[in-house]
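The file upload_7.cif contains mmCIF, C-alpha atoms:
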data_upload
#
loop_
_atom_site.group_PDB
_atom_site.id
_atom_site.type_symbol
_atom_site.label_atom_id
_atom_site.label_comp_id
_atom_site.auth_asym_id
_atom_site.auth_seq_id
_atom_site.Cartn_x
_atom_site.Cartn_y
_atom_site.Cartn_z
ATOM 1 C CA MET A 418 0.000 0.000 0.000
ATOM 2 C CA THR A 419 1.031 3.523 -0.539
ATOM 3 C CA GLN A 420 0.276 6.839 1.015
ATOM 4 C CA ALA A 421 -1.947 8.922 -1.266
ATOM 5 C CA SER A 422 -0.380 12.081 -2.551
ATOM 6 C CA HIS A 423 -2.526 14.981 -3.667
ATOM 7 C CA GLY A 424 0.270 17.276 -4.776
ATOM 8 C CA GLY A 425 2.660 17.185 -7.699
ATOM 9 C CA ALA A 426 2.432 18.086 -11.368
ATOM 10 C CA LEU A 427 -0.503 15.843 -12.130
ATOM 11 C CA GLY A 428 -3.763 16.187 -10.282
ATOM 12 C CA HIS A 429 -5.025 13.194 -8.312
ATOM 13 C CA GLY A 430 -7.836 12.611 -10.804
ATOM 14 C CA GLN A 431 -5.388 12.558 -13.716
ATOM 15 C CA ARG A 432 -3.172 9.983 -11.992
ATOM 16 C CA ASN A 433 -6.195 7.750 -11.438
ATOM 17 C CA GLY A 434 -7.317 8.008 -15.054
ATOM 18 C CA LEU A 435 -10.393 10.112 -14.299
ATOM 19 C CA HIS A 436 -11.778 12.496 -16.866
ATOM 20 C CA GLY A 437 -14.394 15.219 -17.003
ATOM 21 C CA LEU A 438 -16.942 15.354 -14.219
ATOM 22 C CA ALA A 439 -15.337 12.483 -12.277
ATOM 23 C CA ALA A 440 -11.974 14.283 -12.215
ATOM 24 C CA LEU A 441 -13.648 17.526 -11.133
ATOM 25 C CA ALA A 442 -15.501 15.728 -8.317
ATOM 26 C CA ASP A 443 -12.285 14.023 -7.214
ATOM 27 C CA ARG A 444 -10.351 17.312 -7.153
ATOM 28 C CA ALA A 445 -13.093 18.990 -5.109
ATOM 29 C CA TRP A 446 -13.240 16.017 -2.723
ATOM 30 C CA CYS A 447 -9.466 16.102 -2.242
ATOM 31 C CA ARG A 448 -9.323 19.892 -1.912
ATOM 32 C CA LEU A 449 -11.889 19.717 0.893
ATOM 33 C CA ARG A 450 -9.837 16.908 2.502
ATOM 34 C CA LEU A 451 -12.931 14.754 2.847
ATOM 35 C CA ASP A 452 -10.893 11.536 2.706
ATOM 36 C CA ARG A 453 -9.210 12.646 5.933
ATOM 37 C CA LEU A 454 -12.553 13.441 7.504
ATOM 38 C CA ALA A 455 -14.184 10.171 6.437
ATOM 39 C CA GLY A 456 -11.178 7.882 6.638
ATOM 40 C CA GLY A 457 -9.397 9.043 9.764
ATOM 41 C CA ARG A 458 -5.887 7.685 10.208
ATOM 42 C CA GLN A 459 -6.227 5.402 7.191
ATOM 43 C CA ALA A 460 -7.368 8.217 4.885
ATOM 44 C CA GLY A 461 -4.203 8.273 2.818
ATOM 45 C CA TYR A 462 -3.710 4.568 2.319
ATOM 46 C CA VAL A 463 -4.407 3.389 -1.198
ATOM 47 C CA ILE A 464 -3.976 -0.027 -2.724
ATOM 48 C CA ARG A 465 -1.383 -0.820 -5.346
ATOM 49 C CA GLU A 466 -2.277 0.561 -8.777
ATOM 50 C CA ASP A 467 -1.960 -2.849 -10.468
ATOM 51 C CA MET A 468 -4.532 -4.280 -8.045
ATOM 52 C CA ARG A 469 -6.847 -1.295 -8.514
ATOM 53 C CA ARG A 470 -6.764 -1.735 -12.278
ATOM 54 C CA HIS A 471 -6.904 -5.545 -12.173
ATOM 55 C CA PRO A 472 -9.789 -6.822 -14.349
ATOM 56 C CA ARG A 473 -11.376 -8.646 -11.407
ATOM 57 C CA THR A 474 -11.298 -5.494 -9.260
ATOM 58 C CA VAL A 475 -12.762 -3.417 -12.082
ATOM 59 C CA ARG A 476 -15.466 -6.043 -12.702
ATOM 60 C CA ALA A 477 -16.367 -6.232 -9.000
ATOM 61 C CA PHE A 478 -16.815 -2.464 -8.786
ATOM 62 C CA ARG A 479 -18.858 -2.452 -11.968
ATOM 63 C CA TRP A 480 -21.277 -4.927 -10.337
ATOM 64 C CA ILE A 481 -21.250 -2.991 -7.067
ATOM 65 C CA ARG A 482 -22.168 0.216 -8.923
ATOM 66 C CA TRP A 483 -25.098 -1.536 -10.637
ATOM 67 C CA LEU A 484 -26.287 -2.972 -7.330
ATOM 68 C CA LEU A 485 -26.128 0.493 -5.753
ATOM 69 C CA VAL A 486 -28.040 2.003 -8.685
ATOM 70 C CA THR A 487 -30.674 -0.700 -8.211
ATOM 71 C CA GLU A 488 -30.794 0.061 -4.476
ATOM 72 C CA THR A 489 -31.275 3.745 -5.256
ATOM 73 C CA LEU A 490 -34.188 2.865 -7.546
ATOM 74 C CA VAL A 491 -35.698 0.659 -4.831
ATOM 75 C CA GLY A 492 -35.387 3.536 -2.340
ATOM 76 C CA LEU A 493 -36.918 6.052 -4.755
ATOM 77 C CA THR A 494 -39.722 3.612 -5.519
ATOM 78 C CA ALA A 495 -40.548 3.364 -1.810
ATOM 79 C CA ILE A 496 -40.820 7.159 -1.571
ATOM 80 C CA VAL A 497 -42.968 7.321 -4.726
ATOM 81 C CA ILE A 498 -45.293 4.625 -3.368
ATOM 82 C CA ALA A 499 -45.641 6.525 -0.081
ATOM 83 C CA VAL A 500 -46.429 9.761 -1.950
ATOM 84 C CA VAL A 501 -49.012 8.057 -4.216
ATOM 85 C CA LEU A 502 -50.687 6.376 -1.224
ATOM 86 C CA THR A 503 -50.778 9.652 0.704
ATOM 87 C CA ARG A 504 -52.360 11.465 -2.252
ATOM 88 C CA ALA A 505 -54.925 8.665 -2.517
ATOM 89 C CA GLY A 506 -55.946 9.318 1.083
ATOM 90 C CA VAL A 507 -54.168 6.339 2.654
ATOM 91 C CA ALA A 508 -52.484 7.099 5.971
ATOM 92 C CA VAL A 509 -48.782 6.323 5.583
ATOM 93 C CA PRO A 510 -47.102 5.837 8.985
ATOM 94 C CA TRP A 511 -44.239 8.102 10.011
ATOM 95 C CA ALA A 512 -41.986 5.021 10.257
ATOM 96 C CA VAL A 513 -42.403 4.426 6.509
ATOM 97 C CA TRP A 514 -41.370 7.977 5.610
ATOM 98 C CA PHE A 515 -38.416 7.821 7.981
ATOM 99 C CA ARG A 516 -37.281 4.412 6.724
ATOM 100 C CA ALA A 517 -37.607 5.325 3.038
ATOM 101 C CA THR A 518 -35.652 8.556 3.483
ATOM 102 C CA VAL A 519 -32.917 6.992 5.609
ATOM 103 C CA VAL A 520 -32.433 4.079 3.209
ATOM 104 C CA LEU A 521 -32.088 6.454 0.276
ATOM 105 C CA LEU A 522 -29.512 8.561 2.160
ATOM 106 C CA ILE A 523 -27.619 5.429 3.224
ATOM 107 C CA THR A 524 -27.533 4.199 -0.360
ATOM 108 C CA LEU A 525 -26.167 7.521 -1.589
ATOM 109 C CA THR A 526 -23.496 7.423 1.137
ATOM 110 C CA LEU A 527 -22.549 3.876 0.145
ATOM 111 C CA SER A 528 -22.231 5.070 -3.452
ATOM 112 C CA VAL A 529 -19.658 7.633 -2.303
ATOM 113 C CA PHE A 530 -17.777 4.913 -0.414
ATOM 114 C CA ALA A 531 -17.823 2.724 -3.543
ATOM 115 C CA TRP A 532 -16.480 5.621 -5.629
ATOM 116 C CA ARG A 533 -13.582 6.236 -3.242
ATOM 117 C CA ALA A 534 -12.889 2.499 -2.865
ATOM 118 C CA GLN A 535 -12.766 2.143 -6.643
ATOM 119 C CA LEU A 536 -10.039 4.814 -6.613
ATOM 120 C CA GLY A 537 -8.095 2.545 -4.236
ATOM 121 C CA TYR A 538 -8.833 4.052 -0.830
ATOM 122 C CA TYR A 539 -8.741 1.354 1.809
ATOM 123 C CA TRP A 540 -10.874 3.338 4.272
ATOM 124 C CA ALA A 541 -13.767 3.457 1.788
ATOM 125 C CA TYR A 542 -13.485 -0.253 0.998
ATOM 126 C CA SER A 543 -13.493 -1.173 4.699
ATOM 127 C CA ARG A 544 -16.529 1.009 5.450
ATOM 128 C CA LEU A 545 -18.450 -0.297 2.459
ATOM 129 C CA ARG A 546 -17.621 -3.859 3.473
ATOM 130 C CA LEU A 547 -18.656 -3.242 7.094
ATOM 131 C CA PHE A 548 -21.977 -1.635 6.167
ATOM 132 C CA SER A 549 -22.747 -4.358 3.634
ATOM 133 C CA ARG A 550 -22.617 -6.796 6.550
ATOM 134 C CA ILE A 551 -24.482 -4.725 9.142
ATOM 135 C CA PHE A 552 -27.324 -3.167 7.134
ATOM 136 C CA PRO A 553 -28.904 -6.406 5.859
ATOM 137 C CA VAL A 554 -29.083 -7.807 9.391
ATOM 138 C CA VAL A 555 -30.572 -4.630 10.863
ATOM 139 C CA THR A 556 -33.008 -4.268 7.976
ATOM 140 C CA LEU A 557 -34.255 -7.846 8.181
ATOM 141 C CA VAL A 558 -34.671 -7.679 11.969
ATOM 142 C CA ILE A 559 -36.709 -4.477 11.654
ATOM 143 C CA ALA A 560 -38.749 -5.955 8.790
ATOM 144 C CA ALA A 561 -39.653 -8.883 11.050
ATOM 145 C CA ILE A 562 -41.331 -6.640 13.647
ATOM 146 C CA PRO A 563 -45.048 -7.333 13.188
ATOM 147 C CA GLY A 564 -47.173 -4.351 12.157
ATOM 148 C CA LEU A 565 -44.343 -1.821 12.014
ATOM 149 C CA TYR A 566 -44.431 -1.475 8.229
ATOM 150 C CA PRO A 567 -46.990 -2.232 5.541
ATOM 151 C CA PHE A 568 -46.355 -5.326 3.407
ATOM 152 C CA TRP A 569 -44.933 -3.348 0.472
ATOM 153 C CA MET A 570 -42.333 -1.744 2.767
ATOM 154 C CA VAL A 571 -41.342 -5.153 4.147
ATOM 155 C CA VAL A 572 -40.783 -6.311 0.552
ATOM 156 C CA GLU A 573 -38.672 -3.183 -0.066
ATOM 157 C CA GLN A 574 -36.568 -3.973 3.013
ATOM 158 C CA ILE A 575 -36.010 -7.546 1.873
ATOM 159 C CA LEU A 576 -34.912 -6.313 -1.586
ATOM 160 C CA PHE A 577 -32.583 -3.786 0.047
ATOM 161 C CA SER A 578 -31.059 -6.545 2.178
ATOM 162 C CA LEU A 579 -30.549 -8.895 -0.762
ATOM 163 C CA LEU A 580 -28.821 -6.180 -2.767
ATOM 164 C CA MET A 581 -26.572 -5.344 0.198
ATOM 165 C CA ILE A 582 -25.700 -9.024 0.618
ATOM 166 C CA GLY A 583 -24.731 -9.065 -3.065
ATOM 167 C CA ILE A 584 -22.444 -6.074 -2.541
ATOM 168 C CA GLY A 585 -20.934 -7.788 0.496
ATOM 169 C CA ASP A 586 -20.257 -10.937 -1.533
ATOM 170 C CA PHE A 587 -18.247 -8.978 -4.083
ATOM 171 C CA LEU A 588 -16.323 -7.106 -1.381
ATOM 172 C CA THR A 589 -15.379 -10.223 0.576
ATOM 173 C CA SER A 590 -14.222 -12.309 -2.382
ATOM 174 C CA ASP A 591 -10.684 -13.671 -2.120
ATOM 175 C CA HIS A 592 -9.523 -11.329 -4.862
ATOM 176 C CA MET A 593 -10.962 -8.191 -3.260
ATOM 177 C CA ARG A 594 -9.531 -9.040 0.149
ATOM 178 C CA ALA A 595 -6.132 -9.553 -1.500
ATOM 179 C CA ALA A 596 -6.503 -6.288 -3.452
ATOM 180 C CA PHE A 597 -7.384 -4.335 -0.282
ATOM 181 C CA PRO A 598 -5.048 -5.671 2.430
ATOM 182 C CA LYS A 599 -5.363 -4.067 5.824
ATOM 183 C CA PRO A 600 -2.709 -1.360 6.293
ATOM 184 C CA ALA A 601 0.110 -2.104 8.691
ATOM 185 C CA PRO A 602 -0.179 -0.175 11.949
ATOM 186 C CA ARG A 603 1.693 3.114 11.897
ATOM 187 C CA ILE A 604 4.501 3.337 14.442
ATOM 188 C CA ARG A 605 4.374 6.674 16.219
ATOM 189 C CA SER A 606 7.573 8.574 16.979
ATOM 190 C CA ARG A 607 8.497 9.505 20.548
ATOM 191 C CA ARG A 608 7.485 13.095 19.870
ATOM 192 C CA GLU A 609 3.989 11.989 18.745
ATOM 193 C CA ARG A 610 3.550 9.831 21.865
ATOM 194 C CA SER A 611 4.358 12.674 24.276
#
The structure given in the file should be rewritten as structure tokens.
Amino acid sequence: MTQASHGGALGHGQRNGLHGLAALADRAWCRLRLDRLAGGRQAGYVIREDMRRHPRTVRAFRWIRWLLVTETLVGLTAIVIAVVLTRAGVAVPWAVWFRATVVLLITLTLSVFAWRAQLGYYWAYSRLRLFSRIFPVVTLVIAAIPGLYPFWMVVEQILFSLLMIGIGDFLTSDHMRAAFPKPAPRIRSRRERS
């Protein structure tokens, strides 16, 4: 693994082969130091370039992006259903509105993590992998609470969970774990310790 460098003659987006809007978004993200904010101590660790560009890594992220797009559509569909039911005079519980909004925001956040992980950032990969394990369990447990949500929302939660499990399967494959090895602990100097 290497420490990410945002300086130099080439911009970060150019080094990662980004063009157009993606490069602009990456430059803005780096300028605002959002990797440091989101990634903490591991913010600067990136995987080797050959592993980032490996066909299996690229293919895994292509599938992950499609799964996240599908999750976004599922989340938007839940909100549309709630709006249509409300306009038809059906009382839609507060829990449905809250759940639909939170799931959509979570999915958008996971899309950002996937974007940064695809650029090789270990912190983003580890967060995406963690959430792809936690969210399906939480979602299915909540869906099992009798009477909390209408049937259509329970179906939406099950779809969300299945898509998240799919993302988790790609992230925990042998290849992806080899591509994103855990960074070695940083040894602090005496000055840092005091």
- Message: Can you tell me which residues surround region 518-523 of chain A at a distance of at most 6 Å, considering only C-alpha atoms, apart from same-chain residues fewer than 3 positions away, and format the answer as a ChimeraX atom specification?
- Response: /A:492,515,526
Just want the 12 Å neighbourhood of Glu488 (chain A), counted on all atoms listed in the file, with same-chain residues fewer than 3 positions away dropped. Output as a VMD selection string.
chain A and resid 481 to 485 491 to 495 517 520 to 528 573 to 584
Got a sec to resolve the PyMOL selection byres ((chain A and resi 594) around 12) on this structure and send the residues as a PyMOL selection string?
chain A and resi 464+468-469+473-474+477+539+542-543+546+585-593+595-600
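Rounded to one decimal, CA of Val507 (chain A) and CA of Pro563 (chain A) lie 19.5 Å from each other.
Between CA of Ala512 (chain A) and CA of Val486 (chain A) the separation is 23.7 Å.
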Could you give me the centre and size, in Å to one decimal, of an axis-aligned box around all listed atoms of region 522-535 of chain A with 6 Å added on every side, as JSON?
{"center_x": -21.1, "center_y": 5.4, "center_z": -1.7, "size_x": 28.7, "size_y": 18.4, "size_z": 21.9}
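Closest approach to Met570 (chain A) among A:Ala601, A:Val558, A:Val513, A:Val500 is made by A:Val513 (distances from all atoms listed in the file).
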As a check of understanding: the span from CA of Tyr566 (chain A) to CA of Leu502 (chain A) is 13.8 Å
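Distance annotation: of A:Ala541, A:Leu490, A:Glu466, A:Ile496, the residue with the minimal separation from Arg516 (chain A) is A:Ile496; atom set is all atoms listed in the file.
Of the listed residues A:Phe548, A:Leu536, A:Val572, A:Val554, the one whose atoms come nearest to Arg465 (chain A) is A:Leu536, with distances taken using all atoms listed in the file.
Residues lying within 8 Å of Tyr538 (chain A), counting all atoms listed in the file and ignoring same-chain neighbours fewer than 3 positions away, are Ala460, Gly461, Tyr462, Val463, Ile464, Arg533, Ala534, Gln535, Ala541 and Tyr542 of chain A.
Nearest residue to Trp480 (chain A) among A:Val497, A:Ala531, A:Asp443, A:Gly564 is A:Ala531, counting all atoms listed in the file.
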